[in-house]
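Peer 1: Sharing a structure here in structure tokens format.
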Amino acid sequence: RPMFVKALQPDTPTLVLATPFEIIRNGVTVGTVNHHKYSTSPSDLELVTKIHYKDPGALSTMVQTGDHVDVNFVANVKGVCPGQSAVFY
């Protein structure tokens, strides 16, 4: 059965694994944002966010706070894990 990384514990070094249904989220914080078209993200931007390459994307809102963005999904999203990339459309 598929397993995903739920948490990283670098002090021990331990990976905490979970099933896809154990890591359902309605939001995520994304750091190290690479802006290709704009220097910053507009406030309260509505967009589609993909969290894996086969992901069809989910409707979300994004708010930039300093060097990271907070993404809130309209519906719960399965498979959000630490260390993943996110692509915004």
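Letters A, B, ... mark the chains of the structure tokens in the order given; residue numbers begin at 1 per chain; ligand numbers begin at 1, in order shown.
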Go through range 47-76 of chain A and flag each residue having an atom no more than 12 Å from range 28-34 of chain A; for those, report the closest pair of atoms plus their distance in Å to one decimal, using only C-alpha atoms, ordered by chain and rising number, as a tab-separated table.
Peer 2:
```
residue	atom	partner	partner_atom	distance
A:Thr49	CA	A:Val28	CA	10.5
A:Lys50	CA	A:Val28	CA	11.7
A:Ile51	CA	A:Val28	CA	10.0
A:Ser60	CA	A:Val28	CA	10.4
A:Thr61	CA	A:Val28	CA	10.7
A:Met62	CA	A:Thr29	CA	9.5
A:Val63	CA	A:Thr29	CA	9.7
A:Gln64	CA	A:Val30	CA	9.4
A:Thr65	CA	A:Gly31	CA	9.8
A:Gly66	CA	A:Gly31	CA	9.5
A:Asp67	CA	A:Gly31	CA	6.4
A:His68	CA	A:Gly31	CA	4.3
A:Val69	CA	A:Val30	CA	5.3
A:Asp70	CA	A:Thr29	CA	4.5
A:Val71	CA	A:Val28	CA	5.3
A:Asn72	CA	A:Val28	CA	6.7
A:Phe73	CA	A:Val28	CA	8.3
A:Asn76	CA	A:Val28	CA	10.9
```
Peer 1: Output all heavy atoms for every residue in the selection just made, as a compact mmCIF listing (two decimals), in the first residue's frame.
Peer 2:
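The result, stored in out10.txt:
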```
# COMPACT_ATOMS: atom_id res chain seq x y z
N THR A 49 -3.57 24.90 -7.41
CA THR A 49 -2.30 24.44 -6.86
C THR A 49 -2.16 22.94 -7.10
O THR A 49 -3.07 22.17 -6.80
CB THR A 49 -2.22 24.73 -5.35
OG1 THR A 49 -2.36 26.13 -5.14
CG2 THR A 49 -0.90 24.26 -4.77
N LYS A 50 -1.02 22.54 -7.67
CA LYS A 50 -0.69 21.13 -7.85
C LYS A 50 0.41 20.78 -6.87
O LYS A 50 1.40 21.49 -6.77
CB LYS A 50 -0.21 20.87 -9.28
CG LYS A 50 -1.31 21.03 -10.33
CD LYS A 50 -0.79 20.75 -11.72
CE LYS A 50 -0.49 19.29 -11.87
NZ LYS A 50 -0.27 18.87 -13.27
N ILE A 51 0.25 19.65 -6.15
CA ILE A 51 1.26 19.26 -5.18
C ILE A 51 2.06 18.03 -5.58
O ILE A 51 3.04 17.70 -4.94
CB ILE A 51 0.66 19.05 -3.78
CG1 ILE A 51 -0.44 18.01 -3.81
CG2 ILE A 51 0.19 20.37 -3.20
CD1 ILE A 51 -0.87 17.56 -2.43
N SER A 60 -7.57 26.95 -4.83
CA SER A 60 -7.00 27.41 -3.57
C SER A 60 -6.84 28.92 -3.57
O SER A 60 -7.00 29.58 -4.60
CB SER A 60 -5.64 26.75 -3.35
OG SER A 60 -4.75 27.10 -4.40
N THR A 61 -6.54 29.45 -2.41
CA THR A 61 -6.14 30.85 -2.29
C THR A 61 -4.75 30.87 -1.70
O THR A 61 -4.36 29.97 -0.96
CB THR A 61 -7.11 31.66 -1.38
OG1 THR A 61 -7.13 31.05 -0.09
CG2 THR A 61 -8.49 31.73 -1.97
N MET A 62 -3.98 31.90 -2.05
CA MET A 62 -2.60 32.00 -1.61
C MET A 62 -2.36 33.39 -1.04
O MET A 62 -2.76 34.38 -1.64
CB MET A 62 -1.66 31.74 -2.79
CG MET A 62 -0.20 31.87 -2.44
SD MET A 62 0.89 31.39 -3.80
CE MET A 62 0.65 32.72 -4.95
N VAL A 63 -1.70 33.45 0.11
CA VAL A 63 -1.32 34.71 0.74
C VAL A 63 0.17 34.65 1.02
O VAL A 63 0.63 33.74 1.71
CB VAL A 63 -2.11 34.95 2.04
CG1 VAL A 63 -1.66 36.23 2.71
CG2 VAL A 63 -3.60 34.99 1.78
N GLN A 64 0.92 35.61 0.49
CA GLN A 64 2.36 35.64 0.75
C GLN A 64 2.62 36.37 2.06
O GLN A 64 2.08 37.44 2.31
CB GLN A 64 3.11 36.33 -0.38
CG GLN A 64 4.60 36.27 -0.18
CD GLN A 64 5.39 36.55 -1.43
OE1 GLN A 64 4.83 36.74 -2.50
NE2 GLN A 64 6.71 36.56 -1.30
N THR A 65 3.45 35.75 2.91
CA THR A 65 3.85 36.34 4.19
C THR A 65 5.36 36.22 4.28
O THR A 65 5.89 35.15 4.53
CB THR A 65 3.19 35.59 5.37
OG1 THR A 65 1.79 35.52 5.15
CG2 THR A 65 3.48 36.28 6.69
N GLY A 66 6.05 37.32 4.02
CA GLY A 66 7.51 37.28 4.04
C GLY A 66 8.05 36.40 2.94
O GLY A 66 7.70 36.55 1.78
N ASP A 67 8.87 35.40 3.32
CA ASP A 67 9.51 34.54 2.32
C ASP A 67 8.75 33.24 2.06
O ASP A 67 9.26 32.33 1.42
CB ASP A 67 10.94 34.22 2.75
CG ASP A 67 11.00 33.45 4.06
OD1 ASP A 67 9.98 33.39 4.76
OD2 ASP A 67 12.08 32.94 4.39
N HIS A 68 7.53 33.11 2.57
CA HIS A 68 6.73 31.92 2.31
C HIS A 68 5.30 32.30 1.95
O HIS A 68 4.91 33.45 2.10
CB HIS A 68 6.74 30.97 3.51
CG HIS A 68 6.01 31.50 4.71
ND1 HIS A 68 6.59 32.35 5.62
CD2 HIS A 68 4.74 31.32 5.11
CE1 HIS A 68 5.70 32.66 6.54
NE2 HIS A 68 4.56 32.06 6.26
N VAL A 69 4.55 31.33 1.46
CA VAL A 69 3.14 31.56 1.14
C VAL A 69 2.29 30.54 1.88
O VAL A 69 2.68 29.38 2.06
CB VAL A 69 2.84 31.50 -0.38
CG1 VAL A 69 3.50 32.63 -1.11
CG2 VAL A 69 3.21 30.18 -0.97
N ASP A 70 1.12 30.99 2.33
CA ASP A 70 0.13 30.11 2.94
C ASP A 70 -0.92 29.80 1.89
O ASP A 70 -1.50 30.72 1.31
CB ASP A 70 -0.50 30.77 4.16
CG ASP A 70 0.50 30.97 5.28
OD1 ASP A 70 1.27 30.03 5.55
OD2 ASP A 70 0.51 32.06 5.89
N VAL A 71 -1.14 28.52 1.64
CA VAL A 71 -2.10 28.07 0.64
C VAL A 71 -3.26 27.41 1.38
O VAL A 71 -3.06 26.52 2.21
CB VAL A 71 -1.46 27.06 -0.33
CG1 VAL A 71 -2.46 26.57 -1.36
CG2 VAL A 71 -0.24 27.66 -1.00
N ASN A 72 -4.47 27.86 1.10
CA ASN A 72 -5.69 27.27 1.67
C ASN A 72 -6.50 26.68 0.53
O ASN A 72 -6.89 27.39 -0.39
CB ASN A 72 -6.50 28.34 2.42
CG ASN A 72 -5.75 28.86 3.61
OD1 ASN A 72 -5.34 28.09 4.46
ND2 ASN A 72 -5.54 30.16 3.65
N PHE A 73 -6.73 25.37 0.60
CA PHE A 73 -7.49 24.68 -0.42
C PHE A 73 -8.99 24.83 -0.16
O PHE A 73 -9.43 24.78 0.99
CB PHE A 73 -7.12 23.19 -0.46
CG PHE A 73 -5.68 22.95 -0.81
CD1 PHE A 73 -4.76 22.56 0.14
CD2 PHE A 73 -5.23 23.13 -2.11
CE1 PHE A 73 -3.44 22.34 -0.17
CE2 PHE A 73 -3.90 22.92 -2.45
CZ PHE A 73 -3.01 22.52 -1.48
N ASN A 76 -10.56 19.59 0.83
CA ASN A 76 -9.41 18.86 1.35
C ASN A 76 -8.62 18.21 0.23
O ASN A 76 -9.19 17.77 -0.77
CB ASN A 76 -9.86 17.79 2.33
CG ASN A 76 -10.32 18.37 3.65
OD1 ASN A 76 -9.95 19.49 4.01
ND2 ASN A 76 -11.12 17.62 4.37
```
Peer 1: Step one, run DSSP on the backbone; step two, keep only residues of range 2-80 of chain A assigned to strand (DSSP E); then write them as an MDAnalysis selection string.
Peer 2: chainID A and resid 4:9 14:18 25:31 45:50 58:65 68:77
Peer 1: Please identify which residues in chain A DSSP calls helix (DSSP H, G or I) from the backbone, and express them as a PyMOL selection string.
Peer 2: chain A and resi 20-23
Peer 1: Quick one: pull the distance between CA of Glu46 in chain A and CA of Ile24 in chain A, Å, one decimal.
Peer 2: 20.5 Å
Peer 1: List as an NGL selection string the protein and nucleic acid residues near Phe21 in chain A, meaning an atom at most 12 Å away when only C-alpha atoms are counted, but skip any in the same chain fewer than 5 places from it.
Peer 2: :A and (1-4 or 6 or 76-81)
Peer 1: May I have the residues within 12 Å of His36 in chain A as a list in words, using only C-alpha atoms and disregarding those fewer than 5 positions away in the same chain?
Peer 2: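 Using only C-alpha atoms, the neighbours found are Ser41, Val87, Phe88 and Tyr89 of chain A.
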Peer 1: Which residue out of A:Pro42, A:Pro10, A:Pro82, A:Pro56 has the minimum interatomic distance to Arg25 in chain A when only C-alpha atoms are used?
Peer 2: A:Pro82
Peer 1: Using CA of Leu47 in chain A and CA of Gly83 in chain A as the two end points, give the distance in Å to one decimal.
Peer 2: 21.0 Å
Peer 1: Tell me, in Å to one decimal, how far CA of Ala18 in chain A is from CA of Ala75 in chain A.
Peer 2: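 CA of Ala18 in chain A sits 20.2 Å away from CA of Ala75 in chain A.
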Peer 1: I'd like the contact shell of Leu8 in chain A - 10 Å cut-off, only C-alpha atoms, skipping same-chain residues fewer than 3 positions apart - returned as a PDB file with N, CA, C and O atoms, in the first residue's frame.
Peer 2:
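Written output follows (selection16.pdb):
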```pdb
ATOM      1  N   VAL A   5       5.431  10.483   3.543  1.00  0.00           N
ATOM      2  CA  VAL A   5       6.112  11.069   4.695  1.00  0.00           C
ATOM      3  C   VAL A   5       5.166  12.067   5.347  1.00  0.00           C
ATOM      4  O   VAL A   5       4.746  13.037   4.721  1.00  0.00           O
ATOM      5  N   ASP A  11      16.126  15.535  14.547  1.00  0.00           N
ATOM      6  CA  ASP A  11      16.889  15.324  15.784  1.00  0.00           C
ATOM      7  C   ASP A  11      17.180  13.848  16.037  1.00  0.00           C
ATOM      8  O   ASP A  11      18.192  13.506  16.641  1.00  0.00           O
ATOM      9  N   THR A  12      16.291  12.970  15.565  1.00  0.00           N
ATOM     10  CA  THR A  12      16.447  11.553  15.911  1.00  0.00           C
ATOM     11  C   THR A  12      17.070  10.673  14.841  1.00  0.00           C
ATOM     12  O   THR A  12      17.375   9.546  15.188  1.00  0.00           O
ATOM     13  N   PRO A  13      17.371  10.900  13.711  1.00  0.00           N
ATOM     14  CA  PRO A  13      16.707  11.187  12.438  1.00  0.00           C
ATOM     15  C   PRO A  13      15.631  10.147  12.123  1.00  0.00           C
ATOM     16  O   PRO A  13      15.931   8.978  11.915  1.00  0.00           O
ATOM     17  N   THR A  14      14.411  10.602  12.047  1.00  0.00           N
ATOM     18  CA  THR A  14      13.258   9.726  11.855  1.00  0.00           C
ATOM     19  C   THR A  14      12.305  10.305  10.817  1.00  0.00           C
ATOM     20  O   THR A  14      12.069  11.510  10.794  1.00  0.00           O
ATOM     21  N   LEU A  15      11.769   9.420   9.977  1.00  0.00           N
ATOM     22  CA  LEU A  15      10.682   9.760   9.067  1.00  0.00           C
ATOM     23  C   LEU A  15       9.415   9.124   9.629  1.00  0.00           C
ATOM     24  O   LEU A  15       9.402   7.936   9.929  1.00  0.00           O
ATOM     25  N   VAL A  16       8.351   9.899   9.753  1.00  0.00           N
ATOM     26  CA  VAL A  16       7.064   9.373  10.194  1.00  0.00           C
ATOM     27  C   VAL A  16       6.227   9.135   8.944  1.00  0.00           C
ATOM     28  O   VAL A  16       5.991  10.057   8.169  1.00  0.00           O
ATOM     29  N   LEU A  17       5.801   7.885   8.732  1.00  0.00           N
ATOM     30  CA  LEU A  17       5.047   7.516   7.539  1.00  0.00           C
ATOM     31  C   LEU A  17       3.549   7.469   7.829  1.00  0.00           C
ATOM     32  O   LEU A  17       3.134   7.251   8.964  1.00  0.00           O
ATOM     33  N   CYS A  81       2.668  16.452   1.831  1.00  0.00           N
ATOM     34  CA  CYS A  81       3.770  15.959   2.654  1.00  0.00           C
ATOM     35  C   CYS A  81       4.857  17.013   2.801  1.00  0.00           C
ATOM     36  O   CYS A  81       5.033  17.860   1.917  1.00  0.00           O
ATOM     37  N   PRO A  82       5.646  16.970   3.889  1.00  0.00           N
ATOM     38  CA  PRO A  82       6.735  17.920   4.035  1.00  0.00           C
ATOM     39  C   PRO A  82       7.806  17.710   2.967  1.00  0.00           C
ATOM     40  O   PRO A  82       8.059  16.584   2.549  1.00  0.00           O
ATOM     41  N   GLY A  83       8.385  18.798   2.517  1.00  0.00           N
ATOM     42  CA  GLY A  83       9.460  18.730   1.536  1.00  0.00           C
ATOM     43  C   GLY A  83       9.010  18.679   0.090  1.00  0.00           C
ATOM     44  O   GLY A  83       9.828  18.621  -0.811  1.00  0.00           O
TER      45      GLY A  83
END
```
